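A.B. asks: This is the structure, below, for whatever I ask next.
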Amino acid sequence: MLKTIPVNTNNRTEMLDITAEIERVVQESNQKEGLCVIFVPHTTAAITINENADPDVLTDILQELETVIPFEDNYRHLEGNSAAHIKSSLIGSSISVIIEDGKLKLGTWQGIVFCEFDGPRTRDVWIKII
Amino acid sequence: MLKTIPVNTNNRTEMLDITAEIERVVQESNQKEGLCVIFVPHTTAAITINENADPDVLTDILQELETVIPFEDNYRHLEGNSAAHIKSSLIGSSISVIIEDGKLKLGTWQGIVFCEFDGPRTRDVWIKII
Amino acid sequence: MLKTIPVNTNNRTEMLDITAEIERVVQESNQKEGLCVIFVPHTTAAITINENADPDVLTDILQELETVIPFEDNYRHLEGNSAAHIKSSLIGSSISVIIEDGKLKLGTWQGIVFCEFDGPRTRDVWIKII
């Protein structure tokens, strides 16, 4: 089963918890156990898992990534978004989450987080259940 | 099949080769071919694959990560472990390894390495065989 | 089904689009839908997904990675390639791509890119279709 979730971002860089949307797809699939592969079909965005409790964690991640990979750093790519491409490969464009008892099996503090590195944009996330 | 492996860490940051423990789970599953998904249910730890021969490689990885993502860098998250959260997303919380002939299929120098970024702690690793 | 693709690199660091080679393996498998797991069995190389249009993007990624993780930085590992090991764990040694209608399902600008961090060498990429 393959499903697409739309994600709208509002800032140049942004991290959005999309765990609930993905959980809904898993429940609608009626699959009791297996693997949920979450894939971002963009080269200036990414997907990761991190803390879903204190939003300052996601702010710190975005801020430190910008410190390490500055928006401007004598890049050759003329579109001006090379930093976003680099962050996309560092964080990665897919994750795999175990499905158990018909639900995503995540740690207590884990949420699934969409990473926008060149927004604001209208984005998609693909979900494949194995 | 889903299995949990406990991992005890002894330092603030640490990389532990857990290939043998995961190999044992694969063998006990009696599955001859497929995929082994290894998932870390923590937001200040990670899982990666790297050299299993010279332990200096893992020391260099930890040290350079600390240089790039310092423990203190005006983070907002009050728990004081933002660097660990950032490293967790950079390295990633899951990997997939091919199973062939009932064993993990890894390159000659590859080991599966648990990464502690906010220890010492008692951690878990989840293993799902597909 | 498990297949090996050889990759020859010509420089110390290099990013090579291998989407066409992997697409061929998927088509030869005759599998209509599922998951394609691409695995690099080396500890100084990696696999990622990024832009396949402007080659300057890949040049910028390599260059910025070298700025962040310098070749020389008082590493302990005597082989002199610690930077390559670190980049390998940051980018990652496996990716998962959805298969639909017998083809890799990628975003418009996405290509599958082999990352050499300690070349030139003769490398392998393993492909498992689930």
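Chains: A, B, ... in order of the structure tokens. Residues: from 1 per chain. Ligands: from 1, in order shown.
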Pull out every residue of chain A sitting within 9 Å of chain B, counting only C-alpha atoms, and send them as a VMD selection string.
C.D. replies: chain A and resid 34 to 35 48 to 51 54 to 65 68 90 to 92 95 to 98 100 105 to 110 130
A.B. asks: Can you give chain B as an mmCIF file with N, CA and C atoms, in the first residue's frame after you superpose it on chain A, pairing all C-alpha atoms in order for the least-squares fit?
C.D. replies:
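Result went into result.cif, see below:
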```
data_model
loop_
_atom_site.group_PDB
_atom_site.id
_atom_site.type_symbol
_atom_site.label_atom_id
_atom_site.label_comp_id
_atom_site.auth_asym_id
_atom_site.auth_seq_id
_atom_site.Cartn_x
_atom_site.Cartn_y
_atom_site.Cartn_z
ATOM 1 N N MET B 1 0.829 -1.213 0.006
ATOM 2 C CA MET B 1 0.008 -0.013 -0.019
ATOM 3 C C MET B 1 0.861 1.252 -0.009
ATOM 4 N N LEU B 2 0.528 2.195 -0.867
ATOM 5 C CA LEU B 2 1.290 3.433 -0.979
ATOM 6 C C LEU B 2 0.339 4.614 -0.818
ATOM 7 N N LYS B 3 0.738 5.544 0.044
ATOM 8 C CA LYS B 3 -0.130 6.688 0.344
ATOM 9 C C LYS B 3 0.696 7.972 0.342
ATOM 10 N N THR B 4 0.090 9.068 -0.078
ATOM 11 C CA THR B 4 0.774 10.363 -0.066
ATOM 12 C C THR B 4 0.129 11.295 0.954
ATOM 13 N N ILE B 5 0.954 11.945 1.759
ATOM 14 C CA ILE B 5 0.483 12.955 2.717
ATOM 15 C C ILE B 5 1.018 14.312 2.270
ATOM 16 N N PRO B 6 0.165 15.336 2.133
ATOM 17 C CA PRO B 6 0.674 16.675 1.821
ATOM 18 C C PRO B 6 1.179 17.367 3.087
ATOM 19 N N VAL B 7 2.252 18.133 2.936
ATOM 20 C CA VAL B 7 2.798 18.906 4.061
ATOM 21 C C VAL B 7 3.035 20.332 3.571
ATOM 22 N N ASN B 8 2.426 21.311 4.236
ATOM 23 C CA ASN B 8 2.653 22.713 3.883
ATOM 24 C C ASN B 8 3.582 23.339 4.899
ATOM 25 N N THR B 9 4.665 23.975 4.406
ATOM 26 C CA THR B 9 5.598 24.620 5.328
ATOM 27 C C THR B 9 5.465 26.138 5.195
ATOM 28 N N ASN B 10 5.816 26.837 6.259
ATOM 29 C CA ASN B 10 5.575 28.283 6.331
ATOM 30 C C ASN B 10 6.844 29.113 6.486
ATOM 31 N N ASN B 11 7.990 28.460 6.641
ATOM 32 C CA ASN B 11 9.227 29.188 6.867
ATOM 33 C C ASN B 11 10.329 28.628 5.980
ATOM 34 N N ARG B 12 11.446 29.369 5.939
ATOM 35 C CA ARG B 12 12.588 28.896 5.149
ATOM 36 C C ARG B 12 13.071 27.539 5.662
ATOM 37 N N THR B 13 13.255 27.426 6.979
ATOM 38 C CA THR B 13 13.559 26.115 7.568
ATOM 39 C C THR B 13 12.547 25.870 8.678
ATOM 40 N N GLU B 14 12.172 24.615 8.818
ATOM 41 C CA GLU B 14 11.082 24.289 9.737
ATOM 42 C C GLU B 14 11.082 22.780 9.988
ATOM 43 N N MET B 15 10.742 22.378 11.215
ATOM 44 C CA MET B 15 10.583 20.950 11.513
ATOM 45 C C MET B 15 9.163 20.740 12.020
ATOM 46 N N LEU B 16 8.432 19.843 11.354
ATOM 47 C CA LEU B 16 7.015 19.613 11.649
ATOM 48 C C LEU B 16 6.779 18.170 12.065
ATOM 49 N N ASP B 17 6.208 17.973 13.238
ATOM 50 C CA ASP B 17 5.873 16.628 13.714
ATOM 51 C C ASP B 17 4.678 16.117 12.915
ATOM 52 N N ILE B 18 4.876 15.033 12.137
ATOM 53 C CA ILE B 18 3.777 14.475 11.333
ATOM 54 C C ILE B 18 3.427 13.054 11.778
ATOM 55 N N THR B 19 3.749 12.733 13.032
ATOM 56 C CA THR B 19 3.487 11.385 13.552
ATOM 57 C C THR B 19 2.002 11.026 13.451
ATOM 58 N N ALA B 20 1.120 11.961 13.837
ATOM 59 C CA ALA B 20 -0.318 11.642 13.863
ATOM 60 C C ALA B 20 -0.834 11.311 12.464
ATOM 61 N N GLU B 21 -0.389 12.061 11.456
ATOM 62 C CA GLU B 21 -0.832 11.811 10.084
ATOM 63 C C GLU B 21 -0.363 10.428 9.604
ATOM 64 N N ILE B 22 0.853 10.056 9.970
ATOM 65 C CA ILE B 22 1.369 8.753 9.535
ATOM 66 C C ILE B 22 0.676 7.622 10.308
ATOM 67 N N GLU B 23 0.432 7.849 11.587
ATOM 68 C CA GLU B 23 -0.293 6.861 12.395
ATOM 69 C C GLU B 23 -1.666 6.568 11.778
ATOM 70 N N ARG B 24 -2.320 7.624 11.280
ATOM 71 C CA ARG B 24 -3.637 7.448 10.663
ATOM 72 C C ARG B 24 -3.553 6.545 9.419
ATOM 73 N N VAL B 25 -2.509 6.756 8.618
ATOM 74 C CA VAL B 25 -2.318 5.925 7.427
ATOM 75 C C VAL B 25 -2.102 4.463 7.826
ATOM 76 N N VAL B 26 -1.324 4.243 8.857
ATOM 77 C CA VAL B 26 -1.065 2.872 9.321
ATOM 78 C C VAL B 26 -2.369 2.233 9.785
ATOM 79 N N GLN B 27 -3.161 2.965 10.543
ATOM 80 C CA GLN B 27 -4.424 2.398 11.035
ATOM 81 C C GLN B 27 -5.378 2.085 9.892
ATOM 82 N N GLU B 28 -5.458 2.986 8.903
ATOM 83 C CA GLU B 28 -6.353 2.756 7.769
ATOM 84 C C GLU B 28 -5.909 1.561 6.915
ATOM 85 N N SER B 29 -4.639 1.228 6.983
ATOM 86 C CA SER B 29 -4.134 0.091 6.189
ATOM 87 C C SER B 29 -4.571 -1.244 6.777
ATOM 88 N N ASN B 30 -4.986 -1.234 8.054
ATOM 89 C CA ASN B 30 -5.374 -2.467 8.756
ATOM 90 C C ASN B 30 -4.248 -3.487 8.851
ATOM 91 N N GLN B 31 -3.023 -3.061 8.611
ATOM 92 C CA GLN B 31 -1.910 -4.005 8.734
ATOM 93 C C GLN B 31 -1.483 -4.082 10.193
ATOM 94 N N LYS B 32 -1.373 -5.299 10.706
ATOM 95 C CA LYS B 32 -1.132 -5.461 12.140
ATOM 96 C C LYS B 32 0.350 -5.434 12.489
ATOM 97 N N GLU B 33 1.188 -5.980 11.607
ATOM 98 C CA GLU B 33 2.627 -5.853 11.861
ATOM 99 C C GLU B 33 3.405 -5.789 10.558
ATOM 100 N N GLY B 34 4.575 -5.169 10.633
ATOM 101 C CA GLY B 34 5.372 -4.981 9.437
ATOM 102 C C GLY B 34 6.266 -3.781 9.584
ATOM 103 N N LEU B 35 6.448 -3.098 8.444
ATOM 104 C CA LEU B 35 7.369 -1.966 8.421
ATOM 105 C C LEU B 35 6.694 -0.810 7.689
ATOM 106 N N CYS B 36 6.860 0.382 8.231
ATOM 107 C CA CYS B 36 6.335 1.588 7.595
ATOM 108 C C CYS B 36 7.529 2.397 7.084
ATOM 109 N N VAL B 37 7.638 2.517 5.761
ATOM 110 C CA VAL B 37 8.724 3.293 5.157
ATOM 111 C C VAL B 37 8.194 4.670 4.790
ATOM 112 N N ILE B 38 8.842 5.697 5.305
ATOM 113 C CA ILE B 38 8.407 7.080 5.072
ATOM 114 C C ILE B 38 9.473 7.753 4.209
ATOM 115 N N PHE B 39 9.041 8.258 3.040
ATOM 116 C CA PHE B 39 9.981 8.741 2.028
ATOM 117 C C PHE B 39 9.623 10.164 1.606
ATOM 118 N N VAL B 40 10.613 11.039 1.571
ATOM 119 C CA VAL B 40 10.418 12.423 1.146
ATOM 120 C C VAL B 40 10.945 12.580 -0.281
ATOM 121 N N PRO B 41 10.064 12.894 -1.257
ATOM 122 C CA PRO B 41 10.488 12.945 -2.669
ATOM 123 C C PRO B 41 11.056 14.305 -3.081
ATOM 124 N N HIS B 42 11.779 14.961 -2.183
ATOM 125 C CA HIS B 42 12.334 16.290 -2.442
ATOM 126 C C HIS B 42 13.824 16.300 -2.092
ATOM 127 N N THR B 43 14.596 17.162 -2.761
ATOM 128 C CA THR B 43 16.044 17.185 -2.520
ATOM 129 C C THR B 43 16.482 18.347 -1.629
ATOM 130 N N THR B 44 15.518 19.115 -1.124
ATOM 131 C CA THR B 44 15.851 20.182 -0.174
ATOM 132 C C THR B 44 14.978 20.066 1.083
ATOM 133 N N ALA B 45 14.538 18.851 1.367
ATOM 134 C CA ALA B 45 13.793 18.546 2.583
ATOM 135 C C ALA B 45 14.295 17.197 3.084
ATOM 136 N N ALA B 46 13.817 16.749 4.240
ATOM 137 C CA ALA B 46 14.281 15.477 4.792
ATOM 138 C C ALA B 46 13.270 14.969 5.806
ATOM 139 N N ILE B 47 13.533 13.765 6.321
ATOM 140 C CA ILE B 47 12.655 13.189 7.347
ATOM 141 C C ILE B 47 13.546 12.612 8.452
ATOM 142 N N THR B 48 13.145 12.831 9.707
ATOM 143 C CA THR B 48 13.935 12.305 10.812
ATOM 144 C C THR B 48 13.016 11.938 11.968
ATOM 145 N N ILE B 49 13.611 11.369 13.004
ATOM 146 C CA ILE B 49 12.899 11.069 14.244
ATOM 147 C C ILE B 49 13.607 11.823 15.353
ATOM 148 N N ASN B 50 12.836 12.562 16.172
ATOM 149 C CA ASN B 50 13.461 13.207 17.316
ATOM 150 C C ASN B 50 12.397 13.531 18.363
ATOM 151 N N GLU B 51 12.780 14.298 19.382
ATOM 152 C CA GLU B 51 11.888 14.524 20.529
ATOM 153 C C GLU B 51 10.616 15.277 20.139
ATOM 154 N N ASN B 52 9.483 14.768 20.670
ATOM 155 C CA ASN B 52 8.177 15.361 20.384
ATOM 156 C C ASN B 52 7.623 16.155 21.566
ATOM 157 N N ALA B 53 8.427 16.323 22.635
ATOM 158 C CA ALA B 53 7.898 16.974 23.844
ATOM 159 C C ALA B 53 8.248 18.463 23.855
ATOM 160 N N ASP B 54 9.502 18.813 24.059
ATOM 161 C CA ASP B 54 9.910 20.222 24.121
ATOM 162 C C ASP B 54 10.239 20.728 22.716
ATOM 163 N N PRO B 55 9.449 21.676 22.179
ATOM 164 C CA PRO B 55 9.714 22.176 20.817
ATOM 165 C C PRO B 55 11.078 22.869 20.681
ATOM 166 N N ASP B 56 11.695 23.271 21.804
ATOM 167 C CA ASP B 56 13.028 23.879 21.745
ATOM 168 C C ASP B 56 14.055 22.921 21.144
ATOM 169 N N VAL B 57 13.836 21.614 21.286
ATOM 170 C CA VAL B 57 14.780 20.651 20.708
ATOM 171 C C VAL B 57 14.842 20.832 19.193
ATOM 172 N N LEU B 58 13.669 20.931 18.555
ATOM 173 C CA LEU B 58 13.654 21.079 17.096
ATOM 174 C C LEU B 58 14.234 22.434 16.678
ATOM 175 N N THR B 59 13.965 23.474 17.460
ATOM 176 C CA THR B 59 14.568 24.785 17.191
ATOM 177 C C THR B 59 16.087 24.700 17.264
ATOM 178 N N ASP B 60 16.601 24.005 18.273
ATOM 179 C CA ASP B 60 18.059 23.869 18.418
ATOM 180 C C ASP B 60 18.668 23.092 17.243
ATOM 181 N N ILE B 61 17.973 22.053 16.796
ATOM 182 C CA ILE B 61 18.491 21.269 15.661
ATOM 183 C C ILE B 61 18.596 22.161 14.423
ATOM 184 N N LEU B 62 17.518 22.886 14.108
ATOM 185 C CA LEU B 62 17.531 23.758 12.921
ATOM 186 C C LEU B 62 18.632 24.812 13.025
ATOM 187 N N GLN B 63 18.750 25.424 14.217
ATOM 188 C CA GLN B 63 19.713 26.505 14.406
ATOM 189 C C GLN B 63 21.151 25.994 14.273
ATOM 190 N N GLU B 64 21.415 24.844 14.876
ATOM 191 C CA GLU B 64 22.791 24.316 14.831
ATOM 192 C C GLU B 64 23.147 23.853 13.410
ATOM 193 N N LEU B 65 22.163 23.275 12.708
ATOM 194 C CA LEU B 65 22.419 22.895 11.307
ATOM 195 C C LEU B 65 22.780 24.129 10.482
ATOM 196 N N GLU B 66 22.133 25.256 10.756
ATOM 197 C CA GLU B 66 22.449 26.477 10.012
ATOM 198 C C GLU B 66 23.825 27.015 10.378
ATOM 199 N N THR B 67 24.238 26.800 11.619
ATOM 200 C CA THR B 67 25.589 27.219 12.024
ATOM 201 C C THR B 67 26.637 26.382 11.292
ATOM 202 N N VAL B 68 26.394 25.074 11.216
ATOM 203 C CA VAL B 68 27.381 24.161 10.618
ATOM 204 C C VAL B 68 27.386 24.280 9.087
ATOM 205 N N ILE B 69 26.198 24.414 8.499
ATOM 206 C CA ILE B 69 26.049 24.505 7.031
ATOM 207 C C ILE B 69 25.408 25.850 6.720
ATOM 208 N N PRO B 70 26.193 26.931 6.595
ATOM 209 C CA PRO B 70 25.601 28.265 6.415
ATOM 210 C C PRO B 70 24.857 28.384 5.082
ATOM 211 N N PHE B 71 23.835 29.253 5.071
ATOM 212 C CA PHE B 71 23.084 29.488 3.839
ATOM 213 C C PHE B 71 24.008 29.958 2.712
ATOM 214 N N GLU B 72 24.982 30.822 3.053
ATOM 215 C CA GLU B 72 25.920 31.327 2.046
ATOM 216 C C GLU B 72 27.315 30.830 2.405
ATOM 217 N N ASP B 73 27.983 30.162 1.455
ATOM 218 C CA ASP B 73 29.342 29.684 1.736
ATOM 219 C C ASP B 73 30.094 29.439 0.418
ATOM 220 N N ASN B 74 29.987 30.403 -0.491
ATOM 221 C CA ASN B 74 30.658 30.293 -1.796
ATOM 222 C C ASN B 74 30.252 29.058 -2.584
ATOM 223 N N TYR B 75 28.959 28.720 -2.508
ATOM 224 C CA TYR B 75 28.470 27.567 -3.261
ATOM 225 C C TYR B 75 28.433 27.879 -4.752
ATOM 226 N N ARG B 76 28.494 26.843 -5.581
ATOM 227 C CA ARG B 76 28.467 27.021 -7.036
ATOM 228 C C ARG B 76 27.049 26.977 -7.620
ATOM 229 N N HIS B 77 26.171 26.188 -7.000
ATOM 230 C CA HIS B 77 24.800 26.009 -7.496
ATOM 231 C C HIS B 77 24.079 27.357 -7.479
ATOM 232 N N LEU B 78 23.581 27.773 -8.646
ATOM 233 C CA LEU B 78 23.105 29.150 -8.790
ATOM 234 C C LEU B 78 21.735 29.416 -8.168
ATOM 235 N N GLU B 79 21.012 28.357 -7.806
ATOM 236 C CA GLU B 79 19.686 28.587 -7.219
ATOM 237 C C GLU B 79 19.765 29.144 -5.798
ATOM 238 N N GLY B 80 20.966 29.088 -5.184
ATOM 239 C CA GLY B 80 21.117 29.686 -3.860
ATOM 240 C C GLY B 80 20.619 28.827 -2.717
ATOM 241 N N ASN B 81 20.300 27.543 -3.010
ATOM 242 C CA ASN B 81 19.789 26.679 -1.937
ATOM 243 C C ASN B 81 20.669 25.451 -1.702
ATOM 244 N N SER B 82 21.975 25.605 -1.949
ATOM 245 C CA SER B 82 22.877 24.460 -1.733
ATOM 246 C C SER B 82 22.858 23.978 -0.296
ATOM 247 N N ALA B 83 22.767 24.908 0.660
ATOM 248 C CA ALA B 83 22.738 24.497 2.070
ATOM 249 C C ALA B 83 21.583 23.518 2.309
ATOM 250 N N ALA B 84 20.447 23.778 1.672
ATOM 251 C CA ALA B 84 19.284 22.901 1.836
ATOM 252 C C ALA B 84 19.558 21.507 1.265
ATOM 253 N N HIS B 85 20.223 21.455 0.099
ATOM 254 C CA HIS B 85 20.577 20.153 -0.481
ATOM 255 C C HIS B 85 21.523 19.376 0.435
ATOM 256 N N ILE B 86 22.483 20.074 1.018
ATOM 257 C CA ILE B 86 23.465 19.404 1.887
ATOM 258 C C ILE B 86 22.780 18.861 3.140
ATOM 259 N N LYS B 87 21.935 19.686 3.762
ATOM 260 C CA LYS B 87 21.216 19.219 4.960
ATOM 261 C C LYS B 87 20.316 18.031 4.629
ATOM 262 N N SER B 88 19.721 18.056 3.420
ATOM 263 C CA SER B 88 18.846 16.954 3.011
ATOM 264 C C SER B 88 19.599 15.620 3.018
ATOM 265 N N SER B 89 20.840 15.624 2.492
ATOM 266 C CA SER B 89 21.620 14.380 2.479
ATOM 267 C C SER B 89 22.150 14.025 3.867
ATOM 268 N N LEU B 90 22.419 15.017 4.707
ATOM 269 C CA LEU B 90 22.907 14.728 6.063
ATOM 270 C C LEU B 90 21.812 14.088 6.927
ATOM 271 N N ILE B 91 20.591 14.606 6.829
ATOM 272 C CA ILE B 91 19.492 14.054 7.637
ATOM 273 C C ILE B 91 18.890 12.824 6.956
ATOM 274 N N GLY B 92 18.739 12.856 5.648
ATOM 275 C CA GLY B 92 18.253 11.683 4.924
ATOM 276 C C GLY B 92 16.825 11.827 4.454
ATOM 277 N N SER B 93 16.491 11.116 3.365
ATOM 278 C CA SER B 93 15.163 11.270 2.784
ATOM 279 C C SER B 93 14.219 10.108 3.074
ATOM 280 N N SER B 94 14.656 9.126 3.862
ATOM 281 C CA SER B 94 13.707 8.084 4.255
ATOM 282 C C SER B 94 14.029 7.528 5.633
ATOM 283 N N ILE B 95 12.982 7.065 6.316
ATOM 284 C CA ILE B 95 13.150 6.341 7.576
ATOM 285 C C ILE B 95 12.224 5.134 7.560
ATOM 286 N N SER B 96 12.558 4.153 8.382
ATOM 287 C CA SER B 96 11.732 2.952 8.521
ATOM 288 C C SER B 96 11.313 2.816 9.977
ATOM 289 N N VAL B 97 10.008 2.619 10.179
ATOM 290 C CA VAL B 97 9.484 2.461 11.537
ATOM 291 C C VAL B 97 8.731 1.132 11.611
ATOM 292 N N ILE B 98 8.959 0.402 12.682
ATOM 293 C CA ILE B 98 8.299 -0.896 12.883
ATOM 294 C C ILE B 98 6.810 -0.684 13.180
ATOM 295 N N ILE B 99 5.969 -1.579 12.619
ATOM 296 C CA ILE B 99 4.537 -1.585 12.957
ATOM 297 C C ILE B 99 4.261 -2.803 13.844
ATOM 298 N N GLU B 100 3.609 -2.564 14.980
ATOM 299 C CA GLU B 100 3.239 -3.667 15.876
ATOM 300 C C GLU B 100 1.843 -3.402 16.417
ATOM 301 N N ASP B 101 1.023 -4.461 16.511
ATOM 302 C CA ASP B 101 -0.365 -4.307 16.975
ATOM 303 C C ASP B 101 -1.102 -3.210 16.203
ATOM 304 N N GLY B 102 -0.798 -3.092 14.921
ATOM 305 C CA GLY B 102 -1.509 -2.121 14.083
ATOM 306 C C GLY B 102 -1.109 -0.674 14.295
ATOM 307 N N LYS B 103 -0.007 -0.457 15.042
ATOM 308 C CA LYS B 103 0.424 0.926 15.313
ATOM 309 C C LYS B 103 1.925 1.088 15.089
ATOM 310 N N LEU B 104 2.337 2.338 14.859
ATOM 311 C CA LEU B 104 3.764 2.657 14.789
ATOM 312 C C LEU B 104 4.392 2.346 16.142
ATOM 313 N N LYS B 105 5.541 1.675 16.111
ATOM 314 C CA LYS B 105 6.241 1.383 17.367
ATOM 315 C C LYS B 105 7.391 2.377 17.519
ATOM 316 N N LEU B 106 7.162 3.390 18.375
ATOM 317 C CA LEU B 106 8.172 4.438 18.595
ATOM 318 C C LEU B 106 8.539 4.480 20.073
ATOM 319 N N GLY B 107 9.728 5.016 20.369
ATOM 320 C CA GLY B 107 10.117 5.230 21.756
ATOM 321 C C GLY B 107 9.265 6.320 22.391
ATOM 322 N N THR B 108 9.296 6.380 23.731
ATOM 323 C CA THR B 108 8.440 7.289 24.504
ATOM 324 C C THR B 108 8.488 8.736 24.017
ATOM 325 N N TRP B 109 9.687 9.211 23.691
ATOM 326 C CA TRP B 109 9.847 10.625 23.349
ATOM 327 C C TRP B 109 9.987 10.847 21.857
ATOM 328 N N GLN B 110 9.792 9.796 21.059
ATOM 329 C CA GLN B 110 10.056 9.935 19.628
ATOM 330 C C GLN B 110 8.834 10.390 18.829
ATOM 331 N N GLY B 111 9.056 11.353 17.948
ATOM 332 C CA GLY B 111 8.071 11.743 16.951
ATOM 333 C C GLY B 111 8.727 11.701 15.582
ATOM 334 N N ILE B 112 7.904 11.560 14.527
ATOM 335 C CA ILE B 112 8.402 11.574 13.152
ATOM 336 C C ILE B 112 8.301 13.006 12.650
ATOM 337 N N VAL B 113 9.434 13.550 12.206
ATOM 338 C CA VAL B 113 9.524 14.986 11.960
ATOM 339 C C VAL B 113 9.925 15.274 10.505
ATOM 340 N N PHE B 114 9.063 16.002 9.795
ATOM 341 C CA PHE B 114 9.388 16.472 8.453
ATOM 342 C C PHE B 114 10.302 17.691 8.577
ATOM 343 N N CYS B 115 11.392 17.720 7.779
ATOM 344 C CA CYS B 115 12.360 18.817 7.839
ATOM 345 C C CYS B 115 12.320 19.612 6.542
ATOM 346 N N GLU B 116 11.890 20.849 6.636
ATOM 347 C CA GLU B 116 11.913 21.779 5.501
ATOM 348 C C GLU B 116 13.211 22.584 5.572
ATOM 349 N N PHE B 117 13.995 22.565 4.482
ATOM 350 C CA PHE B 117 15.246 23.325 4.483
ATOM 351 C C PHE B 117 15.258 24.427 3.411
ATOM 352 N N ASP B 118 14.183 24.539 2.613
ATOM 353 C CA ASP B 118 14.146 25.556 1.554
ATOM 354 C C ASP B 118 12.705 25.991 1.286
ATOM 355 N N GLY B 119 12.006 26.359 2.357
ATOM 356 C CA GLY B 119 10.602 26.726 2.246
ATOM 357 C C GLY B 119 10.431 28.234 2.171
ATOM 358 N N PRO B 120 9.167 28.672 2.279
ATOM 359 C CA PRO B 120 7.984 27.814 2.427
ATOM 360 C C PRO B 120 7.579 27.161 1.103
ATOM 361 N N ARG B 121 7.082 25.929 1.192
ATOM 362 C CA ARG B 121 6.672 25.180 -0.005
ATOM 363 C C ARG B 121 5.523 24.221 0.336
ATOM 364 N N THR B 122 4.917 23.711 -0.721
ATOM 365 C CA THR B 122 3.963 22.616 -0.596
ATOM 366 C C THR B 122 4.724 21.325 -0.879
ATOM 367 N N ARG B 123 4.748 20.424 0.072
ATOM 368 C CA ARG B 123 5.564 19.219 -0.022
ATOM 369 C C ARG B 123 4.690 17.965 0.050
ATOM 370 N N ASP B 124 5.270 16.829 -0.325
ATOM 371 C CA ASP B 124 4.604 15.540 -0.167
ATOM 372 C C ASP B 124 5.478 14.609 0.661
ATOM 373 N N VAL B 125 4.826 13.680 1.343
ATOM 374 C CA VAL B 125 5.528 12.584 2.010
ATOM 375 C C VAL B 125 4.866 11.302 1.547
ATOM 376 N N TRP B 126 5.673 10.334 1.105
ATOM 377 C CA TRP B 126 5.131 9.052 0.651
ATOM 378 C C TRP B 126 5.273 8.014 1.763
ATOM 379 N N ILE B 127 4.247 7.190 1.918
ATOM 380 C CA ILE B 127 4.257 6.168 2.956
ATOM 381 C C ILE B 127 3.971 4.818 2.324
ATOM 382 N N LYS B 128 4.899 3.899 2.523
ATOM 383 C CA LYS B 128 4.744 2.543 1.988
ATOM 384 C C LYS B 128 4.728 1.575 3.163
ATOM 385 N N ILE B 129 3.725 0.715 3.193
ATOM 386 C CA ILE B 129 3.632 -0.266 4.275
ATOM 387 C C ILE B 129 3.965 -1.645 3.734
ATOM 388 N N ILE B 130 4.925 -2.307 4.406
ATOM 389 C CA ILE B 130 5.458 -3.588 3.940
ATOM 390 C C ILE B 130 4.993 -4.697 4.880
#
```
A.B. asks: Using DSSP on the backbone coordinates, identify all residues within region 55-104 of chain A classified as strand (DSSP E or B); present the result as a list in words.
C.D. replies: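 Filtering region 55-104 of chain A down to strand (DSSP E or B) leaves Ser94, Ile95, Ser96, Val97, Ile98, Ile99, Glu100, Lys103 and Leu104 of chain A.
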